[in-house]
Structure formats: structure tokens, C-alpha cells
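Listing of structure25.txt; format and content: compact mmCIF, C-alpha atoms.
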```txt
# COMPACT_ATOMS: atom_id res chain seq x y z
CA MET A 1 0.00 0.00 0.00
CA SER A 2 2.38 2.64 -1.29
CA LEU A 3 2.11 6.37 -0.68
CA SER A 4 0.60 8.46 -3.45
CA ALA A 5 1.55 12.10 -3.98
CA LYS A 6 -1.75 13.00 -2.32
CA ASP A 7 -0.90 10.85 0.71
CA LYS A 8 2.54 12.45 1.06
CA ALA A 9 1.05 15.93 0.85
CA ALA A 10 -1.53 15.04 3.51
CA VAL A 11 1.17 13.63 5.79
CA ARG A 12 3.44 16.65 5.37
CA GLY A 13 0.53 19.04 5.90
CA PHE A 14 -0.71 17.31 9.03
CA TRP A 15 2.81 16.93 10.45
CA ALA A 16 3.47 20.65 10.01
CA LYS A 17 0.36 21.36 12.08
CA ILE A 18 1.11 18.93 14.88
CA ALA A 19 4.89 19.24 15.16
CA PRO A 20 4.70 22.04 17.78
CA LYS A 21 2.98 19.56 20.12
CA GLY A 22 5.52 16.84 19.32
CA GLU A 23 6.65 16.27 22.89
CA GLN A 24 3.11 15.97 24.21
CA ILE A 25 2.19 13.60 21.39
CA GLY A 26 5.22 11.40 22.02
CA ASN A 27 4.57 11.24 25.74
CA GLU A 28 0.86 10.48 25.35
CA ALA A 29 1.30 7.86 22.63
CA PHE A 30 4.17 6.04 24.31
CA SER A 31 2.51 6.18 27.76
CA ARG A 32 -0.60 4.69 26.24
CA LEU A 33 1.38 1.95 24.48
CA LEU A 34 2.86 0.80 27.79
CA LEU A 35 -0.44 0.95 29.63
CA VAL A 36 -2.89 -0.36 27.02
CA TYR A 37 -0.51 -3.08 25.78
CA PRO A 38 1.40 -4.10 28.92
CA GLN A 39 3.45 -6.69 27.02
CA THR A 40 5.36 -3.78 25.47
CA LYS A 41 6.85 -3.04 28.87
CA THR A 42 9.05 -6.09 28.44
CA TYR A 43 11.36 -4.01 26.28
CA PHE A 44 11.92 -1.51 29.06
CA SER A 45 12.64 -3.69 32.08
CA HIS A 46 15.78 -1.62 32.62
CA TRP A 47 13.70 1.42 33.59
CA ASN A 48 12.22 1.50 37.05
CA ASP A 49 9.33 3.86 36.31
CA LEU A 50 7.06 3.04 33.39
CA ALA A 51 4.01 4.95 34.59
CA PRO A 52 2.34 7.31 32.11
CA GLY A 53 4.32 10.53 31.99
CA ALA A 54 7.33 9.23 33.92
CA PRO A 55 10.63 10.97 33.02
CA SER A 56 12.08 8.07 31.00
CA VAL A 57 8.71 7.58 29.27
CA LYS A 58 8.54 11.28 28.35
CA LYS A 59 12.12 11.24 27.10
CA HIS A 60 11.55 8.17 24.98
CA GLY A 61 8.29 9.51 23.59
CA LYS A 62 10.18 12.57 22.43
CA LYS A 63 12.76 10.36 20.74
CA ILE A 64 10.04 8.44 18.92
CA VAL A 65 8.37 11.59 17.61
CA GLY A 66 11.81 12.82 16.54
CA GLY A 67 12.20 9.63 14.52
CA LEU A 68 8.81 10.17 12.93
CA GLY A 69 9.77 13.72 12.01
CA LEU A 70 12.82 12.32 10.27
CA ALA A 71 10.57 9.86 8.45
CA VAL A 72 8.31 12.68 7.24
CA ASP A 73 11.42 14.41 5.96
CA LYS A 74 12.51 11.27 4.13
CA ILE A 75 9.03 10.34 2.98
CA ASP A 76 10.17 10.01 -0.62
CA ASP A 77 12.73 7.36 0.29
CA LEU A 78 11.89 5.81 3.63
CA PHE A 79 13.95 2.65 3.24
CA ASN A 80 17.19 4.52 2.66
CA GLY A 81 16.30 7.50 4.81
CA LEU A 82 15.63 5.30 7.85
CA LEU A 83 18.54 2.90 7.25
CA THR A 84 20.38 3.69 10.49
CA LEU A 85 17.20 3.37 12.55
CA SER A 86 16.35 0.18 10.74
CA GLU A 87 19.71 -1.34 11.60
CA LEU A 88 19.30 -0.20 15.19
CA HIS A 89 15.91 -1.90 15.51
CA ALA A 90 17.10 -5.03 13.70
CA PHE A 91 20.41 -5.76 15.34
CA GLN A 92 20.27 -4.03 18.71
CA LEU A 93 16.70 -3.41 19.83
CA ARG A 94 15.09 -6.39 18.10
CA VAL A 95 11.60 -5.13 18.81
CA ASP A 96 9.03 -7.60 17.48
CA PRO A 97 7.55 -5.76 14.48
CA ALA A 98 4.01 -6.50 15.67
CA ASN A 99 4.60 -3.78 18.23
CA PHE A 100 5.00 -1.13 15.53
CA LYS A 101 1.30 -1.61 14.76
CA LEU A 102 0.39 -1.14 18.41
CA LEU A 103 2.37 2.10 18.67
CA SER A 104 0.89 3.30 15.37
CA HIS A 105 -2.59 2.76 16.77
CA CYS A 106 -1.74 4.73 19.92
CA LEU A 107 -0.38 7.56 17.77
CA LEU A 108 -3.62 7.64 15.77
CA VAL A 109 -5.67 7.81 18.98
CA VAL A 110 -3.55 10.71 20.25
CA PHE A 111 -3.80 12.54 16.90
CA ALA A 112 -7.60 12.20 17.07
CA MET A 113 -7.64 13.39 20.68
CA LEU A 114 -5.48 16.44 20.18
CA PHE A 115 -6.44 17.43 16.64
CA PRO A 116 -10.05 16.25 16.17
CA ASP A 117 -10.79 18.75 13.40
CA ASP A 118 -7.59 18.20 11.44
CA PHE A 119 -7.50 14.42 11.78
CA THR A 120 -10.19 13.82 9.17
CA ALA A 121 -10.83 10.37 7.69
CA GLU A 122 -8.68 11.26 4.68
CA VAL A 123 -5.78 12.43 6.82
CA HIS A 124 -6.23 9.32 8.97
CA LEU A 125 -5.94 7.19 5.83
CA ALA A 126 -2.72 8.88 4.71
CA ILE A 127 -1.14 8.79 8.18
CA ASP A 128 -2.12 5.14 8.69
CA LYS A 129 -0.47 4.24 5.38
CA PHE A 130 2.58 6.34 6.26
CA LEU A 131 3.03 4.70 9.67
CA ALA A 132 2.71 1.28 8.06
CA ARG A 133 5.46 2.20 5.58
CA VAL A 134 7.65 3.50 8.40
CA ALA A 135 7.16 0.22 10.26
CA LEU A 136 8.09 -1.68 7.11
CA ALA A 137 11.23 0.42 6.66
CA LEU A 138 12.17 -0.06 10.32
CA SER A 139 11.87 -3.82 10.07
CA ASP A 140 13.57 -4.01 6.70
CA LYS A 141 16.87 -5.30 8.03
CA TYR A 142 15.40 -7.80 10.49
CA ARG A 143 16.10 -10.85 8.35
CA MET B 1 -15.99 -15.66 31.41
CA VAL B 2 -14.39 -12.26 31.19
CA ALA B 3 -13.42 -10.62 34.46
CA TRP B 4 -14.25 -6.93 34.68
CA THR B 5 -13.00 -4.72 37.47
CA ALA B 6 -15.38 -2.16 38.93
CA GLU B 7 -13.22 0.53 37.39
CA GLU B 8 -13.44 -1.02 33.92
CA ARG B 9 -17.23 -1.28 34.19
CA ALA B 10 -17.42 2.35 35.24
CA PHE B 11 -15.21 3.44 32.34
CA ILE B 12 -17.32 1.56 29.79
CA GLN B 13 -20.58 2.95 31.19
CA ASP B 14 -19.07 6.43 31.21
CA ILE B 15 -17.98 6.25 27.58
CA PHE B 16 -21.39 4.98 26.42
CA SER B 17 -23.20 7.65 28.44
CA LYS B 18 -21.22 10.31 26.58
CA LEU B 19 -21.74 8.76 23.16
CA ASN B 20 -24.26 10.05 20.65
CA TYR B 21 -25.06 6.79 18.88
CA GLU B 22 -26.42 8.58 15.81
CA GLU B 23 -23.16 10.47 15.44
CA ALA B 24 -20.43 8.13 16.59
CA GLY B 25 -21.79 5.08 14.76
CA PRO B 26 -21.94 6.73 11.35
CA LYS B 27 -18.57 8.43 11.87
CA ALA B 28 -16.88 5.16 12.79
CA LEU B 29 -18.30 3.26 9.82
CA GLN B 30 -17.50 6.10 7.41
CA ARG B 31 -13.94 6.14 8.72
CA ALA B 32 -13.56 2.37 8.29
CA LEU B 33 -14.86 2.53 4.70
CA ILE B 34 -12.47 5.41 3.90
CA VAL B 35 -9.35 4.28 5.75
CA TYR B 36 -9.75 0.59 4.89
CA PRO B 37 -11.47 0.71 1.50
CA TRP B 38 -11.56 -3.06 1.10
CA THR B 39 -14.28 -3.08 3.76
CA GLN B 40 -16.55 -1.60 1.09
CA ARG B 41 -16.86 -5.08 -0.36
CA TYR B 42 -19.69 -5.80 2.11
CA PHE B 43 -21.75 -2.78 1.13
CA GLY B 44 -22.39 -3.25 -2.57
CA SER B 45 -26.05 -2.39 -2.06
CA PHE B 46 -25.30 0.93 -0.38
CA GLY B 47 -24.91 2.91 -3.59
CA ASN B 48 -22.30 5.64 -3.98
CA LEU B 49 -19.08 4.89 -2.03
CA TYR B 50 -16.74 6.27 -4.68
CA ASN B 51 -14.90 8.80 -2.54
CA ALA B 52 -14.71 10.12 1.00
CA ASP B 53 -17.41 12.76 0.43
CA ALA B 54 -19.81 10.23 -1.05
CA ILE B 55 -19.23 7.91 1.90
CA ILE B 56 -19.71 10.68 4.43
CA ASN B 57 -22.98 11.79 2.82
CA ASN B 58 -24.33 8.31 2.20
CA PRO B 59 -27.54 7.83 4.24
CA LYS B 60 -27.30 4.02 4.20
CA VAL B 61 -23.82 4.17 5.70
CA ALA B 62 -25.06 6.50 8.41
CA ALA B 63 -28.06 4.29 9.15
CA HIS B 64 -25.89 1.21 9.40
CA GLY B 65 -23.36 2.94 11.62
CA THR B 66 -26.18 3.66 14.05
CA VAL B 67 -27.29 0.01 13.93
CA VAL B 68 -23.76 -1.07 14.86
CA LEU B 69 -23.67 1.26 17.86
CA HIS B 70 -27.01 -0.04 19.12
CA GLY B 71 -25.56 -3.53 18.78
CA LEU B 72 -22.64 -2.47 20.98
CA ASP B 73 -25.13 -1.06 23.45
CA ARG B 74 -26.50 -4.57 23.91
CA ALA B 75 -23.02 -5.82 24.71
CA MET B 76 -22.57 -3.00 27.23
CA LYS B 77 -25.86 -3.92 28.91
CA ASN B 78 -24.80 -7.59 29.10
CA MET B 79 -21.13 -7.22 29.89
CA ASP B 80 -21.01 -10.45 31.87
CA ASP B 81 -22.27 -12.57 29.01
CA ILE B 82 -21.36 -10.91 25.74
CA LYS B 83 -20.57 -14.32 24.29
CA ASN B 84 -24.16 -15.54 24.47
CA THR B 85 -25.71 -12.13 23.85
CA TYR B 86 -23.92 -12.10 20.50
CA ALA B 87 -24.42 -15.76 19.50
CA GLU B 88 -27.08 -14.94 16.91
CA LEU B 89 -25.19 -11.91 15.59
CA SER B 90 -22.13 -14.10 15.17
CA VAL B 91 -24.08 -16.66 13.14
CA LEU B 92 -25.53 -13.81 11.05
CA HIS B 93 -22.10 -12.30 10.27
CA SER B 94 -20.67 -15.71 9.44
CA GLU B 95 -23.45 -17.56 7.64
CA LYS B 96 -25.36 -14.79 5.96
CA LEU B 97 -23.07 -11.78 5.66
CA HIS B 98 -19.80 -13.72 5.24
CA VAL B 99 -17.73 -10.97 6.85
CA ASP B 100 -14.03 -11.66 7.41
CA PRO B 101 -13.71 -11.18 11.19
CA ASP B 102 -10.59 -9.05 10.80
CA ASN B 103 -12.95 -6.31 9.67
CA PHE B 104 -14.51 -6.21 13.14
CA ARG B 105 -11.12 -5.22 14.49
CA LEU B 106 -10.73 -2.50 11.86
CA LEU B 107 -14.16 -1.02 12.67
CA ALA B 108 -13.41 -1.28 16.39
CA ASP B 109 -10.18 0.69 15.91
CA CYS B 110 -12.03 3.36 13.94
CA LEU B 111 -14.66 3.64 16.69
CA THR B 112 -11.90 4.07 19.28
CA ILE B 113 -10.44 6.88 17.21
CA VAL B 114 -13.84 8.57 16.84
CA ILE B 115 -14.34 8.38 20.61
CA ALA B 116 -10.86 9.84 21.15
CA SER B 117 -11.74 12.74 18.86
CA THR B 118 -15.01 13.49 20.66
CA MET B 119 -13.80 12.97 24.23
CA GLY B 120 -10.37 14.53 23.82
CA ALA B 121 -8.21 14.46 26.93
CA ALA B 122 -11.10 12.91 28.89
CA PHE B 123 -10.32 9.68 27.06
CA THR B 124 -7.48 8.77 29.39
CA ALA B 125 -5.02 5.92 28.89
CA ASP B 126 -6.87 3.87 31.54
CA MET B 127 -10.16 4.41 29.74
CA GLN B 128 -8.58 3.47 26.44
CA ALA B 129 -7.31 0.22 27.97
CA ALA B 130 -10.75 -0.68 29.35
CA TRP B 131 -12.50 0.34 26.14
CA GLN B 132 -10.18 -1.70 23.94
CA LYS B 133 -10.62 -4.69 26.26
CA PHE B 134 -14.41 -4.34 25.86
CA LEU B 135 -14.09 -4.15 22.06
CA ALA B 136 -11.76 -7.15 22.03
CA VAL B 137 -14.40 -9.17 23.91
CA VAL B 138 -17.08 -7.99 21.47
CA VAL B 139 -14.94 -8.90 18.45
CA SER B 140 -14.15 -12.30 19.94
CA ALA B 141 -17.87 -12.97 20.59
CA LEU B 142 -18.72 -11.98 17.01
CA GLN B 143 -16.15 -14.45 15.72
CA ARG B 144 -17.19 -17.29 17.97
CA GLN B 145 -19.77 -19.01 15.76
CA TYR B 146 -17.60 -18.96 12.65
CA HIS B 147 -16.64 -22.37 11.37
```
As C-alpha cells, how would this structure be written, given the file I've shared?
Amino acid sequence: MSLSAKDKAAVRGFWAKIAPKGEQIGNEAFSRLLLVYPQTKTYFSHWNDLAPGAPSVKKHGKKIVGGLGLAVDKIDDLFNGLLTLSELHAFQLRVDPANFKLLSHCLLVVFAMLFPDDFTAEVHLAIDKFLARVALALSDKYR
Amino acid sequence: MVAWTAEERAFIQDIFSKLNYEEAGPKALQRALIVYPWTQRYFGSFGNLYNADAIINNPKVAAHGTVVLHGLDRAMKNMDDIKNTYAELSVLHSEKLHVDPDNFRLLADCLTIVIASTMGAAFTADMQAAWQKFLAVVVSALQRQYH
């Protein structure tokens, strides 16, 4: 399900609107991932506080949104643009790719919460496709 | 048997009490048909679904969205036995409508997103967890009679 020019424009447009709230988005989405899908906490057993909004959760949420911003930037060539991140996830982090879907869902929920008027069905479609492509790029080097 | 905590029950009741079935149902179904266009395969008799605007203005889509929400209402009112409450609906979706059960999950996700957009920050992470658990039970009950 590749990204059309229309999809890319929708993603860029929406991202430009939401980027100022990037930190809040990252914190909310990542906090929700850990709480709604507790199995995801297994990747963070080295942190002692995984409660929503905890310092390490906030910091990591920010990192995630930063990665997404990079992806928006490289939307025309995600597989090459995200190569370093892909290698990181494949060889070091080894996050089961099923979890990318879970985080994507949490991001969509947070987008809808914070930007109900901008997150129309058509924007939702484009963003959903984009996040799926990002997940694919991130898992590209897994095997 | 699904175990519900008092807090989960309260969250589910709270969400339903704030829902306008005639608004949320249509919005959720429209979103599913737009975001996951292959779901349109089940609605050949609904007329014009050619683009997002057509879907959003389609009265049959809106009517059906409302039907779905009323169906969920039944599950909410019978939270301790959703499995049996939905036995007939499950047979219907399997034997008559031939709906791939994965579509229930897609519609459920769209409904969650519609609720997030209407409730905003009031849709806390804890509420989301309870709500998604409820929807997972509903989806599982709907799939149960498939063979």
C-alpha cells in the first residue's frame, strides 16, 4: 500500500500542524502503548518507572516523535532515509515488528484526541499508510 | 468468562453515556470505509461509495453505523455474558453476511479513534485500555460461531 503524492502531501501538511505539540504527542502515545498493551513493557525492564508521563517515558516519547519527524522528511525514500534506525531496531533493539502496529494505533488515537478537526478520515488514511510504511522500513533489516 | 474490574465497568458505562449513537456510529463506519477501503466489499447495495465525500454523505452508511452502535449497546448492557448475547449476531455475520472477522477489528479501531476525537483528553489511557478490552471481547464474541 504505497504512498501516493496525495498521501505524502496530507502527511506533510498534518505533520506541520502537529509538530509544535511533538513532545506531548510522544509522551501520550508512548505512555498509552505501555499501559494499554502491557506486554510492550518487556522491552523496558531496565527502567524502574514506566508509569504514564514518567521521566524516561517522556524522554523516549520525544525520541520516537523525533524519529517520525525524520521519516516525514525522508518520505520520498523511507527505506534509505531510515537505514540507520532500521539497523538499530534489527540488530540491537530487536523489537518484534508486531509492536509497531500497536504504537501506530496509539499515535492515531492521540492525533484524534489532540487534533479532532484536522484528523479527518482522509488524513487518517494517509497517516495510517505512512506509519505502516515506516514500520516496514524499520523492520527491513530484520532478516 | 471475562473478568471486569469495577473501574473497567465504570469506564465503559461512562464512555457509552457520553456517546451520541447517531453520530459516533456513522462516523466510525465512514472512517472504516475510507481508511480501509476493502471493507466496502460488504456494502455493494449501499450505492455511492466512490470517494470520501460520497461515503460521508451516504444515508445508508449513516443508518448502518447507528445500527452497529445499538448492537454495541447490547453488549454494554450484558457485559457479563457478551458471548451468548452475540451468538445470533455471530451466526448472522458468518453464515449470511460472510464478513471476514478481521474487519470487526478495523471497525473497532475506527470507533476508538472517533471516541478519542469526541472525548479529547477525557479519554485517558486507563479508559482506552478498558474500552479496547471491551471491544476485544465484542470482536471475539462476534467471531465465535464462525466455522
Could you please select, counting all atoms listed in the file, the residues of chain B within 7 Å of chain A and state them as a tab-separated table (two decimals) with C-alpha atoms, in the frame of the given file?
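Result file is selection-v7.tsv:
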```tsv
chain	number	residue	atom	x	y	z
B	31	ARG	CA	-13.94	6.14	8.72
B	34	ILE	CA	-12.47	5.41	3.90
B	35	VAL	CA	-9.35	4.28	5.75
B	113	ILE	CA	-10.44	6.88	17.21
B	116	ALA	CA	-10.86	9.84	21.15
B	117	SER	CA	-11.74	12.74	18.86
B	120	GLY	CA	-10.37	14.53	23.82
B	121	ALA	CA	-8.21	14.46	26.93
B	125	ALA	CA	-5.02	5.92	28.89
B	128	GLN	CA	-8.58	3.47	26.44
B	129	ALA	CA	-7.31	0.22	27.97
```
Please determine the residues with any atom at most 12 Å from (18.9, 3.4, 10.9) (coordinates as given in the file, with only C-alpha atoms counting) and report them as a list of chain:residue names.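 So the residues meeting the distance criterion are A:Gly67, A:Leu70, A:Ala71, A:Leu78, A:Phe79, A:Asn80, A:Gly81, A:Leu82, A:Leu83, A:Thr84, A:Leu85, A:Ser86, A:Glu87, A:Leu88, A:His89, A:Ala90, A:Phe91, A:Gln92, A:Leu93, A:Val134, A:Ala137, A:Leu138, A:Ser139, A:Asp140, A:Lys141, A:Tyr142.
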Show me, as a compact mmCIF listing (two decimals) with C-alpha atoms, in the coordinates of the input, the residues that have an atom within 12 Å of Leu106 (chain B) when counting all atoms listed in the file, minus same-chain residues fewer than 3 positions from it.
```txt
# COMPACT_ATOMS: atom_id res chain seq x y z
CA HIS A 105 -2.59 2.76 16.77
CA ASP A 128 -2.12 5.14 8.69
CA ALA B 28 -16.88 5.16 12.79
CA LEU B 29 -18.30 3.26 9.82
CA GLN B 30 -17.50 6.10 7.41
CA ARG B 31 -13.94 6.14 8.72
CA ALA B 32 -13.56 2.37 8.29
CA LEU B 33 -14.86 2.53 4.70
CA ILE B 34 -12.47 5.41 3.90
CA VAL B 35 -9.35 4.28 5.75
CA TYR B 36 -9.75 0.59 4.89
CA PRO B 37 -11.47 0.71 1.50
CA TRP B 38 -11.56 -3.06 1.10
CA THR B 39 -14.28 -3.08 3.76
CA ASP B 100 -14.03 -11.66 7.41
CA PRO B 101 -13.71 -11.18 11.19
CA ASP B 102 -10.59 -9.05 10.80
CA ASN B 103 -12.95 -6.31 9.67
CA ASP B 109 -10.18 0.69 15.91
CA CYS B 110 -12.03 3.36 13.94
CA LEU B 111 -14.66 3.64 16.69
CA THR B 112 -11.90 4.07 19.28
CA ILE B 113 -10.44 6.88 17.21
CA LEU B 135 -14.09 -4.15 22.06
CA ALA B 136 -11.76 -7.15 22.03
CA VAL B 139 -14.94 -8.90 18.45
```
Judged by only C-alpha atoms, the minimum distance to Asp126 (chain B) among B:Tyr146, B:Phe46, B:Arg9, B:Lys77 is found for B:Arg9
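Candidate residues B:Glu22, B:Asp14, B:Asp53, B:Glu95 were compared for distance to Val67 (chain B), and the nearest is B:Glu22, using all atoms listed in the file.
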So that I can check the surroundings of Leu69 (chain B), please list as a PyMOL selection string every protein, DNA and RNA residue that reaches within 9 Å of it, counting all atoms listed in the file and ignoring chain neighbours fewer than 5 positions away. chain B and resi 21-22+24-26+64+74
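Counting from CA of Ser45 (chain A), the distance to CA of Gln132 (chain B) is 24.3 Å.
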Nearest to Leu131 (chain A), chosen from A:Gly66, A:Leu3, A:Gly26, A:Ala16, with all atoms listed in the file counted in the distances: A:Leu3
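Between CA of Lys60 (chain B) and CA of Ser45 (chain B) lies a distance of 9.0 Å.
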What separation in Å, quoted to one decimal, exists between CA of Asp80 (chain B) and CA of Lys133 (chain B)?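 Atom-to-atom, CA of Asp80 (chain B) to CA of Lys133 (chain B), that is 13.1 Å.
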